[in-house]
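Participant: work03.cif (mmCIF, C-alpha atoms) pasted underneath:
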data_work
#
loop_
_atom_site.label_atom_id
_atom_site.label_comp_id
_atom_site.auth_asym_id
_atom_site.auth_seq_id
_atom_site.Cartn_x
_atom_site.Cartn_y
_atom_site.Cartn_z
CA MET A 1 18.66 -33.13 -14.73
CA SER A 2 18.94 -32.85 -10.92
CA SER A 3 16.04 -32.43 -8.56
CA LYS A 4 17.33 -29.01 -7.52
CA THR A 5 17.31 -27.55 -11.01
CA ASP A 6 14.11 -29.43 -11.78
CA GLU A 7 12.25 -27.29 -9.25
CA GLU A 8 13.08 -24.15 -11.20
CA VAL A 9 12.40 -25.47 -14.70
CA PRO A 10 8.93 -24.60 -16.02
CA LEU A 11 6.90 -27.54 -17.24
CA MET A 12 6.54 -28.01 -20.97
CA GLU A 13 2.96 -27.45 -22.08
CA GLU A 14 3.08 -30.70 -24.05
CA LEU A 15 3.74 -32.60 -20.81
CA LYS A 16 0.82 -31.09 -18.89
CA CYS A 17 -2.44 -32.94 -18.46
CA THR A 18 -5.26 -30.97 -20.08
CA VAL A 19 -7.59 -31.75 -17.14
CA CYS A 20 -5.50 -30.94 -14.04
CA THR A 21 -2.79 -28.89 -15.89
CA ASN A 22 -0.09 -30.68 -13.86
CA LEU A 23 2.69 -32.92 -15.09
CA TYR A 24 1.39 -36.23 -16.41
CA ARG A 25 1.56 -38.86 -13.72
CA LYS A 26 0.86 -42.44 -14.84
CA PRO A 27 -1.02 -41.23 -17.93
CA ALA A 28 -3.58 -43.55 -19.54
CA PHE A 29 -5.54 -43.60 -22.79
CA PHE A 30 -9.24 -43.18 -23.41
CA GLU A 31 -10.51 -45.36 -26.25
CA CYS A 32 -10.54 -42.26 -28.45
CA GLY A 33 -6.75 -41.88 -27.97
CA HIS A 34 -6.67 -38.85 -25.66
CA THR A 35 -4.37 -39.13 -22.66
CA PHE A 36 -4.92 -37.94 -19.09
CA CYS A 37 -3.38 -38.58 -15.69
CA LEU A 38 -4.50 -41.70 -13.90
CA ARG A 39 -5.94 -39.58 -11.09
CA CYS A 40 -7.92 -37.56 -13.69
CA HIS A 41 -9.35 -40.77 -15.16
CA TYR A 42 -10.32 -41.76 -11.61
CA ASN A 43 -12.06 -38.42 -10.95
CA ILE A 44 -13.86 -38.45 -14.30
CA ASP A 45 -15.39 -41.84 -13.55
CA ARG A 46 -16.22 -41.02 -9.95
CA ASN A 47 -18.05 -37.82 -10.90
CA THR A 48 -19.97 -39.28 -13.83
CA GLU A 49 -23.72 -39.09 -13.18
CA ARG A 50 -25.99 -41.93 -14.20
CA LYS A 51 -29.37 -43.40 -13.40
CA THR A 52 -29.61 -45.98 -10.65
CA PHE A 53 -29.90 -49.05 -12.85
CA GLU A 54 -28.08 -47.68 -15.88
CA CYS A 55 -24.81 -49.25 -17.02
CA PRO A 56 -22.06 -46.62 -16.50
CA SER A 57 -20.61 -44.83 -19.50
CA PHE A 58 -17.77 -42.31 -19.35
CA LYS A 59 -17.09 -39.36 -21.64
CA CYS A 60 -13.68 -38.13 -22.74
CA PRO A 61 -13.38 -34.50 -21.56
CA MET A 62 -11.71 -33.56 -24.85
CA CYS A 63 -13.88 -35.02 -27.61
CA ARG A 64 -16.86 -36.33 -25.56
CA SER A 65 -16.55 -39.82 -27.02
CA VAL A 66 -18.14 -42.46 -24.78
CA THR A 67 -16.63 -45.62 -23.31
CA SER A 68 -17.83 -48.22 -20.84
CA ILE A 69 -14.28 -49.22 -19.85
CA PRO A 70 -13.56 -48.01 -16.28
CA TRP A 71 -10.48 -45.96 -15.40
CA ASN A 72 -8.51 -48.88 -13.90
CA LEU A 73 -8.76 -50.92 -17.14
CA ARG A 74 -7.70 -48.21 -19.59
CA PRO A 75 -4.26 -48.84 -21.17
CA PRO A 76 -1.33 -46.82 -19.77
CA ASN A 77 0.71 -44.45 -21.92
CA LEU A 78 4.09 -45.89 -20.91
CA ALA A 79 6.22 -43.76 -23.24
CA LEU A 80 4.75 -40.50 -21.98
CA ASP A 81 5.05 -41.64 -18.37
CA THR A 82 8.76 -42.45 -18.81
CA LEU A 83 9.39 -39.09 -20.48
CA CYS A 84 7.74 -37.14 -17.64
CA ARG A 85 9.53 -39.14 -14.97
CA THR A 86 12.92 -38.57 -16.64
CA MET A 87 12.60 -34.88 -17.43
CA TYR A 88 10.88 -33.74 -14.21
CA PRO A 89 11.78 -36.15 -11.38
CA PHE A 90 11.05 -33.59 -8.64
CA HIS A 91 7.57 -32.75 -9.90
CA TYR A 92 6.88 -36.41 -10.57
CA LYS A 93 7.83 -37.43 -7.02
CA GLU A 94 5.73 -34.63 -5.59
CA LEU A 95 2.70 -35.91 -7.44
CA GLU A 96 3.26 -39.42 -6.06
CA GLU A 97 2.54 -38.15 -2.57
CA LYS A 98 -1.01 -37.10 -3.34
CA ILE A 99 -3.54 -39.13 -1.38
CA ILE A 100 -5.98 -39.53 -4.24
CA GLU A 101 -3.20 -41.10 -6.31
CA LYS A 102 -2.49 -43.67 -3.61
CA GLU A 103 -6.18 -44.49 -3.29
CA ALA A 104 -6.48 -44.95 -7.03
CA ASP A 105 -3.41 -47.20 -7.13
CA ALA A 106 -4.72 -49.30 -4.25
CA GLU A 107 -8.04 -49.86 -6.03
CA LYS A 108 -6.32 -50.62 -9.32
CA ASN A 109 -3.95 -53.16 -7.78
CA LYS A 110 -6.62 -55.20 -6.02
CA THR A 111 -6.39 -58.94 -6.40
CA LYS A 112 -7.91 -60.04 -9.66
CA VAL A 113 -11.11 -62.03 -9.46
CA ASP A 114 -12.07 -65.09 -11.48
CA TYR A 115 -15.38 -63.76 -12.81
CA SER A 116 -16.27 -67.08 -14.44
CA ARG A 117 -17.01 -68.57 -11.02
CA ILE A 118 -19.09 -65.77 -9.53
CA ASP A 119 -22.76 -66.18 -8.64
CA LEU A 120 -23.95 -62.71 -9.64
CA SER A 121 -27.37 -63.24 -8.07
CA GLN A 122 -25.82 -63.96 -4.69
CA VAL A 123 -23.38 -61.07 -4.99
CA ALA A 124 -26.23 -58.66 -5.72
CA PHE A 125 -28.32 -60.03 -2.86
CA ASP A 126 -25.48 -59.76 -0.33
CA SER A 127 -24.60 -56.25 -1.51
CA GLN A 128 -28.23 -55.14 -1.20
CA LYS A 129 -28.41 -56.44 2.38
CA ARG A 130 -25.22 -54.59 3.35
CA LYS A 131 -26.44 -51.38 1.75
CA ALA A 132 -29.85 -51.77 3.40
CA GLN A 133 -28.23 -52.00 6.84
CA LYS A 134 -26.20 -48.87 6.12
CA VAL A 135 -29.19 -46.88 4.82
CA TYR A 136 -31.36 -48.12 7.70
CA SER A 137 -28.85 -46.84 10.26
CA GLN A 138 -28.82 -43.50 8.46
CA ILE A 139 -32.56 -42.88 8.17
CA ILE A 140 -34.09 -44.46 11.29
CA PRO A 141 -32.97 -41.65 13.67
CA LEU A 142 -34.44 -39.14 11.21
CA PHE A 143 -37.74 -41.04 11.07
CA PHE A 144 -37.92 -41.18 14.85
CA LYS A 145 -37.38 -37.43 15.11
CA GLU A 146 -40.13 -36.72 12.56
CA CYS A 147 -42.55 -39.03 14.37
CA LEU A 148 -41.88 -37.17 17.63
CA ALA A 149 -42.89 -34.01 15.77
CA GLY A 150 -46.27 -35.61 15.01
CA LYS A 151 -45.71 -36.38 11.36
CA SER A 152 -47.28 -39.53 9.95
CA PHE A 153 -45.18 -39.65 6.78
CA ILE A 154 -42.00 -38.13 5.35
CA THR A 155 -40.59 -37.65 1.84
CA LEU A 156 -36.88 -38.07 1.12
CA SER A 157 -35.51 -36.27 -1.93
CA GLU A 158 -31.71 -36.19 -1.46
CA GLU A 159 -30.41 -37.66 -4.72
CA GLY A 160 -27.73 -39.95 -3.33
CA LEU A 161 -29.94 -41.32 -0.57
CA VAL A 162 -32.87 -41.99 -2.92
CA ARG A 163 -30.52 -43.80 -5.30
CA ASP A 164 -29.27 -46.03 -2.47
CA ILE A 165 -32.84 -46.76 -1.36
CA GLU A 166 -33.79 -47.74 -4.91
CA ILE A 167 -30.98 -50.29 -4.96
CA CYS A 168 -31.77 -51.91 -1.61
CA ILE A 169 -35.52 -51.25 -1.45
CA GLN A 170 -36.52 -54.87 -0.78
CA PRO A 171 -34.28 -55.67 2.22
CA LEU A 172 -34.72 -52.11 3.53
CA THR A 173 -38.51 -52.42 3.36
CA LYS A 174 -38.33 -55.71 5.25
CA LEU A 175 -36.29 -54.05 8.02
CA LEU A 176 -38.70 -51.12 8.36
CA PHE A 177 -41.80 -53.32 8.26
CA GLU A 178 -40.60 -55.92 10.74
CA LYS A 179 -38.65 -53.73 13.15
CA ASN A 180 -40.57 -50.45 13.09
CA ASN A 181 -44.12 -51.26 11.94
CA VAL A 182 -43.90 -48.88 8.97
CA TYR A 183 -47.10 -48.96 6.91
CA LYS A 184 -46.06 -48.20 3.32
CA ILE A 185 -43.12 -47.05 1.15
CA ASN A 186 -43.33 -45.41 -2.28
CA CYS A 187 -40.05 -44.94 -4.14
CA THR A 188 -39.35 -43.27 -7.49
CA PRO A 189 -36.04 -42.14 -9.06
CA LYS A 190 -36.78 -38.63 -7.73
CA GLU A 191 -38.06 -39.21 -4.20
CA CYS A 192 -39.04 -41.77 -1.60
CA THR A 193 -42.08 -41.35 0.66
CA VAL A 194 -42.37 -43.42 3.84
CA TYR A 195 -45.79 -43.65 5.55
CA PHE A 196 -45.45 -44.49 9.23
CA SER A 197 -49.13 -45.45 9.66
CA ASP A 198 -52.23 -46.06 7.55
CA THR A 199 -53.81 -42.84 8.88
CA ALA A 200 -51.29 -40.93 6.80
CA MET A 201 -53.29 -41.97 3.72
CA GLN A 202 -56.56 -40.60 5.14
CA TRP A 203 -55.78 -37.06 6.28
CA ALA A 204 -58.58 -34.64 5.32
CA ARG A 205 -57.91 -31.03 4.40
CA GLU A 206 -61.43 -29.80 5.29
CA PHE A 207 -63.31 -30.38 8.53
CA ARG A 208 -66.96 -29.47 9.45
CA ASN A 209 -68.63 -29.25 12.83
CA GLU A 210 -71.78 -31.37 12.57
CA ASN A 211 -73.15 -29.79 15.77
CA HIS A 212 -72.66 -26.21 14.59
CA THR A 213 -75.55 -23.77 15.19
CA SER A 214 -75.96 -20.40 13.53
CA GLU A 215 -78.27 -17.38 13.58
CA ASN A 216 -79.02 -14.77 10.95
CA HIS A 217 -77.58 -11.95 13.08
CA GLY A 218 -79.62 -9.48 11.04
CA ILE A 219 -78.29 -10.71 7.71
CA GLU A 220 -80.90 -11.17 5.00
CA PRO A 221 -81.27 -14.74 3.76
CA THR A 222 -79.68 -15.48 0.43
CA SER A 223 -81.77 -15.39 -2.76
CA PRO A 224 -83.12 -18.61 -4.20
CA PRO A 225 -80.83 -20.33 -6.67
CA PRO A 226 -81.14 -19.33 -10.32
CA PRO A 227 -83.09 -21.61 -12.63
CA THR A 228 -81.29 -24.75 -13.63
CA SER A 229 -80.77 -25.78 -17.20
CA ARG A 230 -83.32 -28.56 -16.72
CA ARG A 231 -86.05 -26.10 -15.72
CA ILE A 232 -85.33 -23.97 -18.78
CA ARG A 233 -85.44 -27.01 -21.05
CA ASN A 234 -88.75 -28.16 -19.58
CA ARG A 235 -90.35 -24.71 -20.09
CA PHE A 236 -89.02 -24.66 -23.65
CA ARG A 237 -90.64 -28.04 -24.37
CA ARG A 238 -94.02 -26.92 -22.96
CA LEU A 239 -94.01 -23.70 -24.96
CA SER A 240 -92.95 -25.49 -28.14
CA ALA A 241 -95.77 -28.04 -27.79
CA SER A 242 -98.48 -25.45 -27.05
CA ASN A 243 -97.56 -23.22 -30.02
CA SER A 244 -96.81 -25.82 -32.63
CA GLU A 245 -99.94 -24.79 -34.65
CA ASN A 246 -98.90 -21.15 -35.00
CA ASP A 247 -95.17 -20.85 -35.45
CA ASP A 248 -95.05 -17.05 -35.52
CA VAL A 249 -97.15 -16.60 -32.39
CA GLY A 250 -95.34 -19.47 -30.66
CA ALA A 251 -91.94 -18.06 -31.49
CA HIS A 252 -92.99 -14.62 -30.19
CA ILE A 253 -94.29 -16.05 -26.90
CA LEU A 254 -91.22 -18.26 -26.57
CA LEU A 255 -88.86 -15.33 -27.09
CA GLY A 256 -90.70 -13.28 -24.48
CA ASP A 257 -90.59 -16.16 -22.05
CA ILE A 258 -86.83 -16.57 -22.51
CA ARG A 259 -86.42 -12.86 -21.77
CA SER A 260 -88.38 -13.26 -18.55
CA ILE A 261 -86.26 -16.26 -17.56
CA VAL A 262 -83.05 -14.29 -18.05
CA ARG A 263 -84.52 -11.30 -16.18
CA ASP A 264 -85.67 -13.53 -13.31
CA GLN A 265 -82.26 -15.20 -13.14
CA PHE A 266 -80.46 -11.91 -12.56
CA SER A 267 -83.10 -10.46 -10.21
CA GLY A 268 -83.43 -13.66 -8.19
CA SER A 269 -87.22 -13.47 -8.27
CA LEU A 270 -87.86 -16.79 -10.03
CA ILE A 271 -89.06 -19.53 -7.70
#
Can you present the structure in this file as structure tokens?

Facilitator:
Amino acid sequence: MSSKTDEEVPLMEELKCTVCTNLYRKPAFFECGHTFCLRCHYNIDRNTERKTFECPSFKCPMCRSVTSIPWNLRPPNLALDTLCRTMYPFHYKELEEKIIEKEADAEKNKTKVDYSRIDLSQVAFDSQKRKAQKVYSQIIPLFFKECLAGKSFITLSEEGLVRDIEICIQPLTKLLFEKNNVYKINCTPKECTVYFSDTAMQWAREFRNENHTSENHGIEPTSPPPPTSRRIRNRFRRLSASNSENDDVGAHILLGDIRSIVRDQFSGSLI
């Protein structure tokens, strides 16, 4: 089949990727057996959300089965790739020119590393320092601007930035403490709050003038406070003790006294 006629031939549905609906280009298998284009595998992994310190897991878009194998290690479907290349050479070549495909191929074809000789602790430490420098360069102009506005602390909540700060919090904190005299940093998976000075922890929301003077201005003084529960209890004890010999008379006097207490409470006449 020539390239010229290939342009006019509609693609067979069986040779279309179910994710991008284009002709399969370097198709690869998920562990469950479903096949997708290499570029679709790449996009699936890149767009998979996960917690900062959670090992990545990827879901097949067809059956939702989970795998921890990244896109560049999934086995290729060589037979399907050969079939698509042979039947639709024009479409296949057109797909080769896509930038995302070239980026995926470049990452997949990186020189293999001998993992048995890697000091993972050192790799993590070096990566954290590099990320800290990058994040520091990103946030320090923002912090300076907020300080000029008079703010003594700021809270960052952009998901990607907070995730990066979580990863490099130790070297980043050292940079901010030593270079910029930052007082304190609190970081959670949701947000990161940076306190520029210790006064940020002491802001009051209510202020009173200790030298304030006031006059009545013709306004009547407020009524005395109503009786407290302690005063009521004390009166109850005195009445109970004085009428212990005559329960009926004592109960009658006590009931009348309680009425007067309630009446005084509402009228404000009790002193």

Participant: Put the listed atoms of segment 55-65 of chain A in a box along x, y and z with 6 Å added on every side and give me the centre and edge lengths in Å to one decimal, as JSON.

Facilitator:
{"center_x": -18.3, "center_y": -41.4, "center_z": -22.1, "size_x": 25.1, "size_y": 27.7, "size_z": 23.1}

Participant: Quick one: everything within 12 Å of Gln138 of chain A, counting all atoms listed in the file, minus sequence neighbours fewer than 6 positions away in the same chain. Send it as a JSON list (two decimals) with C-alpha atoms, keeping the file's coordinate frame.

Facilitator:
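As a result, selection.json now contains:
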[["chain", "number", "residue", "atom", "x", "y", "z"],
["A", 131, "LYS", "CA", -26.44, -51.38, 1.75],
["A", 132, "ALA", "CA", -29.85, -51.77, 3.40],
["A", 144, "PHE", "CA", -37.92, -41.18, 14.85],
["A", 161, "LEU", "CA", -29.94, -41.32, -0.57],
["A", 164, "ASP", "CA", -29.27, -46.03, -2.47],
["A", 165, "ILE", "CA", -32.84, -46.76, -1.36],
["A", 172, "LEU", "CA", -34.72, -52.11, 3.53]]

Participant: How would you write, as number ranges by chain, the residues chosen by the PyMOL selection byres ((chain A and resi 162) around 9) on this structure?

Facilitator: A: 156-161, 163-167, 187-192

Participant: To one decimal place, how far is atom CA of Tyr195 of chain A from atom CA of Ser152 of chain A in Å?

Facilitator: 6.2 Å

Participant: Would you compute the distance between atom CA of Phe177 of chain A and atom CA of Ala149 of chain A? Give it in Å to one decimal.

Facilitator: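 It comes out at 20.7 Å.
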
Participant: As an exercise, work out the distance from atom CA of Gly33 of chain A to atom CA of Asp45 of chain A in Å and give it to one decimal place.

Facilitator: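 Computed distance, atom CA of Gly33 of chain A to atom CA of Asp45 of chain A, equals 16.8 Å.
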
Participant: Taking the file above as input, evaluate the PyMOL selection byres ((chain A and resi 64) around 12) and report the hits as number ranges by chain.

Facilitator: A: 30-34, 44, 57-63, 65-67

Participant: Print the selection's residues with C-alpha atoms to a file, as a PDB file, in the coordinates of the input.

Facilitator:
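Ended up saving to selection.pdb:
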ATOM      1  CA  PHE A  30      -9.240 -43.180 -23.410  1.00  0.00           C
ATOM      2  CA  GLU A  31     -10.510 -45.360 -26.250  1.00  0.00           C
ATOM      3  CA  CYS A  32     -10.540 -42.260 -28.450  1.00  0.00           C
ATOM      4  CA  GLY A  33      -6.750 -41.880 -27.970  1.00  0.00           C
ATOM      5  CA  HIS A  34      -6.670 -38.850 -25.660  1.00  0.00           C
ATOM      6  CA  ILE A  44     -13.860 -38.450 -14.300  1.00  0.00           C
ATOM      7  CA  SER A  57     -20.610 -44.830 -19.500  1.00  0.00           C
ATOM      8  CA  PHE A  58     -17.770 -42.310 -19.350  1.00  0.00           C
ATOM      9  CA  LYS A  59     -17.090 -39.360 -21.640  1.00  0.00           C
ATOM     10  CA  CYS A  60     -13.680 -38.130 -22.740  1.00  0.00           C
ATOM     11  CA  PRO A  61     -13.380 -34.500 -21.560  1.00  0.00           C
ATOM     12  CA  MET A  62     -11.710 -33.560 -24.850  1.00  0.00           C
ATOM     13  CA  CYS A  63     -13.880 -35.020 -27.610  1.00  0.00           C
ATOM     14  CA  SER A  65     -16.550 -39.820 -27.020  1.00  0.00           C
ATOM     15  CA  VAL A  66     -18.140 -42.460 -24.780  1.00  0.00           C
ATOM     16  CA  THR A  67     -16.630 -45.620 -23.310  1.00  0.00           C
TER      17      THR A  67
END

Participant: On this structure, which residues satisfy the PyMOL selection byres ((chain A and resi 24) around 7), written as a list in words?

Facilitator: Leu15, Lys16, Cys17, Asn22, Leu23, Arg25, Lys26, Pro27, Cys37, Asp81 and Cys84 of chain A

Participant: Please check which residues have atoms at most 12 Å from (-52.2, -44.4, 9.9) in the file's coordinates, counting all atoms listed in the file, and write them as number ranges by chain.

Facilitator: A: 147, 150-153, 181-184, 194-203

Participant: Show which residues sit within 8 Å of Tyr42 of chain A, as a list in words. Count all atoms listed in the file, and ignore same-chain residues fewer than 4 positions away.

Facilitator: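 Final neighbour list, sorted by chain and number: Leu38, Arg46, Trp71, Asn72 and Ala104 of chain A.
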
Participant: Some atoms are missing, so please complete segment 5-31 of chain A with N, CA and C atoms and return it as a PDB file, in the frame of the given file.

Facilitator:
ATOM      1  N   THR A   5      17.598 -28.373  -9.833  1.00  0.00           N
ATOM      2  CA  THR A   5      17.310 -27.550 -11.010  1.00  0.00           C
ATOM      3  C   THR A   5      15.912 -27.845 -11.552  1.00  0.00           C
ATOM      4  N   ASP A   6      15.431 -29.040 -11.305  1.00  0.00           N
ATOM      5  CA  ASP A   6      14.110 -29.430 -11.780  1.00  0.00           C
ATOM      6  C   ASP A   6      13.017 -28.552 -11.161  1.00  0.00           C
ATOM      7  N   GLU A   7      13.227 -28.124  -9.925  1.00  0.00           N
ATOM      8  CA  GLU A   7      12.250 -27.290  -9.250  1.00  0.00           C
ATOM      9  C   GLU A   7      12.061 -25.953  -9.952  1.00  0.00           C
ATOM     10  N   GLU A   8      13.102 -25.473 -10.596  1.00  0.00           N
ATOM     11  CA  GLU A   8      13.080 -24.150 -11.200  1.00  0.00           C
ATOM     12  C   GLU A   8      12.726 -24.184 -12.688  1.00  0.00           C
ATOM     13  N   VAL A   9      12.679 -25.360 -13.275  1.00  0.00           N
ATOM     14  CA  VAL A   9      12.400 -25.470 -14.700  1.00  0.00           C
ATOM     15  C   VAL A   9      10.895 -25.500 -14.935  1.00  0.00           C
ATOM     16  N   PRO A  10      10.372 -24.583 -15.744  1.00  0.00           N
ATOM     17  CA  PRO A  10       8.930 -24.600 -16.020  1.00  0.00           C
ATOM     18  C   PRO A  10       8.550 -25.842 -16.814  1.00  0.00           C
ATOM     19  N   LEU A  11       7.364 -26.345 -16.553  1.00  0.00           N
ATOM     20  CA  LEU A  11       6.900 -27.540 -17.240  1.00  0.00           C
ATOM     21  C   LEU A  11       6.560 -27.228 -18.693  1.00  0.00           C
ATOM     22  N   MET A  12       6.920 -28.132 -19.567  1.00  0.00           N
ATOM     23  CA  MET A  12       6.540 -28.010 -20.970  1.00  0.00           C
ATOM     24  C   MET A  12       5.028 -28.202 -21.096  1.00  0.00           C
ATOM     25  N   GLU A  13       4.400 -27.371 -21.913  1.00  0.00           N
ATOM     26  CA  GLU A  13       2.960 -27.450 -22.080  1.00  0.00           C
ATOM     27  C   GLU A  13       2.527 -28.811 -22.624  1.00  0.00           C
ATOM     28  N   GLU A  14       3.400 -29.397 -23.460  1.00  0.00           N
ATOM     29  CA  GLU A  14       3.080 -30.700 -24.050  1.00  0.00           C
ATOM     30  C   GLU A  14       3.056 -31.819 -23.017  1.00  0.00           C
ATOM     31  N   LEU A  15       3.679 -31.573 -21.853  1.00  0.00           N
ATOM     32  CA  LEU A  15       3.740 -32.600 -20.810  1.00  0.00           C
ATOM     33  C   LEU A  15       2.775 -32.311 -19.654  1.00  0.00           C
ATOM     34  N   LYS A  16       1.828 -31.408 -19.895  1.00  0.00           N
ATOM     35  CA  LYS A  16       0.820 -31.090 -18.890  1.00  0.00           C
ATOM     36  C   LYS A  16      -0.501 -31.766 -19.251  1.00  0.00           C
ATOM     37  N   CYS A  17      -1.118 -32.344 -18.267  1.00  0.00           N
ATOM     38  CA  CYS A  17      -2.440 -32.940 -18.460  1.00  0.00           C
ATOM     39  C   CYS A  17      -3.452 -31.829 -18.726  1.00  0.00           C
ATOM     40  N   THR A  18      -4.298 -32.010 -19.718  1.00  0.00           N
ATOM     41  CA  THR A  18      -5.260 -30.970 -20.080  1.00  0.00           C
ATOM     42  C   THR A  18      -6.409 -30.851 -19.064  1.00  0.00           C
ATOM     43  N   VAL A  19      -6.525 -31.802 -18.154  1.00  0.00           N
ATOM     44  CA  VAL A  19      -7.590 -31.750 -17.140  1.00  0.00           C
ATOM     45  C   VAL A  19      -7.096 -31.045 -15.877  1.00  0.00           C
ATOM     46  N   CYS A  20      -5.994 -31.520 -15.297  1.00  0.00           N
ATOM     47  CA  CYS A  20      -5.500 -30.940 -14.040  1.00  0.00           C
ATOM     48  C   CYS A  20      -4.393 -29.908 -14.264  1.00  0.00           C
ATOM     49  N   THR A  21      -3.871 -29.822 -15.496  1.00  0.00           N
ATOM     50  CA  THR A  21      -2.790 -28.890 -15.890  1.00  0.00           C
ATOM     51  C   THR A  21      -1.499 -29.137 -15.125  1.00  0.00           C
ATOM     52  N   ASN A  22      -1.353 -30.285 -14.493  1.00  0.00           N
ATOM     53  CA  ASN A  22      -0.090 -30.680 -13.860  1.00  0.00           C
ATOM     54  C   ASN A  22       0.679 -31.614 -14.778  1.00  0.00           C
ATOM     55  N   LEU A  23       1.885 -31.942 -14.350  1.00  0.00           N
ATOM     56  CA  LEU A  23       2.690 -32.920 -15.090  1.00  0.00           C
ATOM     57  C   LEU A  23       1.953 -34.259 -15.141  1.00  0.00           C
ATOM     58  N   TYR A  24       2.013 -34.906 -16.310  1.00  0.00           N
ATOM     59  CA  TYR A  24       1.390 -36.230 -16.410  1.00  0.00           C
ATOM     60  C   TYR A  24       1.977 -37.165 -15.376  1.00  0.00           C
ATOM     61  N   ARG A  25       1.130 -37.863 -14.697  1.00  0.00           N
ATOM     62  CA  ARG A  25       1.560 -38.860 -13.720  1.00  0.00           C
ATOM     63  C   ARG A  25       0.777 -40.135 -13.987  1.00  0.00           C
ATOM     64  N   LYS A  26       1.483 -41.182 -14.430  1.00  0.00           N
ATOM     65  CA  LYS A  26       0.860 -42.440 -14.840  1.00  0.00           C
ATOM     66  C   LYS A  26      -0.272 -42.176 -15.837  1.00  0.00           C
ATOM     67  N   PRO A  27       0.033 -41.532 -16.955  1.00  0.00           N
ATOM     68  CA  PRO A  27      -1.020 -41.230 -17.930  1.00  0.00           C
ATOM     69  C   PRO A  27      -1.606 -42.499 -18.543  1.00  0.00           C
ATOM     70  N   ALA A  28      -2.881 -42.411 -18.929  1.00  0.00           N
ATOM     71  CA  ALA A  28      -3.580 -43.550 -19.540  1.00  0.00           C
ATOM     72  C   ALA A  28      -4.453 -43.034 -20.668  1.00  0.00           C
ATOM     73  N   PHE A  29      -4.767 -43.949 -21.598  1.00  0.00           N
ATOM     74  CA  PHE A  29      -5.540 -43.600 -22.790  1.00  0.00           C
ATOM     75  C   PHE A  29      -7.041 -43.796 -22.575  1.00  0.00           C
ATOM     76  N   PHE A  30      -7.830 -42.894 -23.126  1.00  0.00           N
ATOM     77  CA  PHE A  30      -9.240 -43.180 -23.410  1.00  0.00           C
ATOM     78  C   PHE A  30      -9.268 -43.965 -24.710  1.00  0.00           C
ATOM     79  N   GLU A  31     -10.382 -44.600 -25.009  1.00  0.00           N
ATOM     80  CA  GLU A  31     -10.510 -45.360 -26.250  1.00  0.00           C
ATOM     81  C   GLU A  31     -10.335 -44.469 -27.474  1.00  0.00           C
TER      82      GLU A  31
END
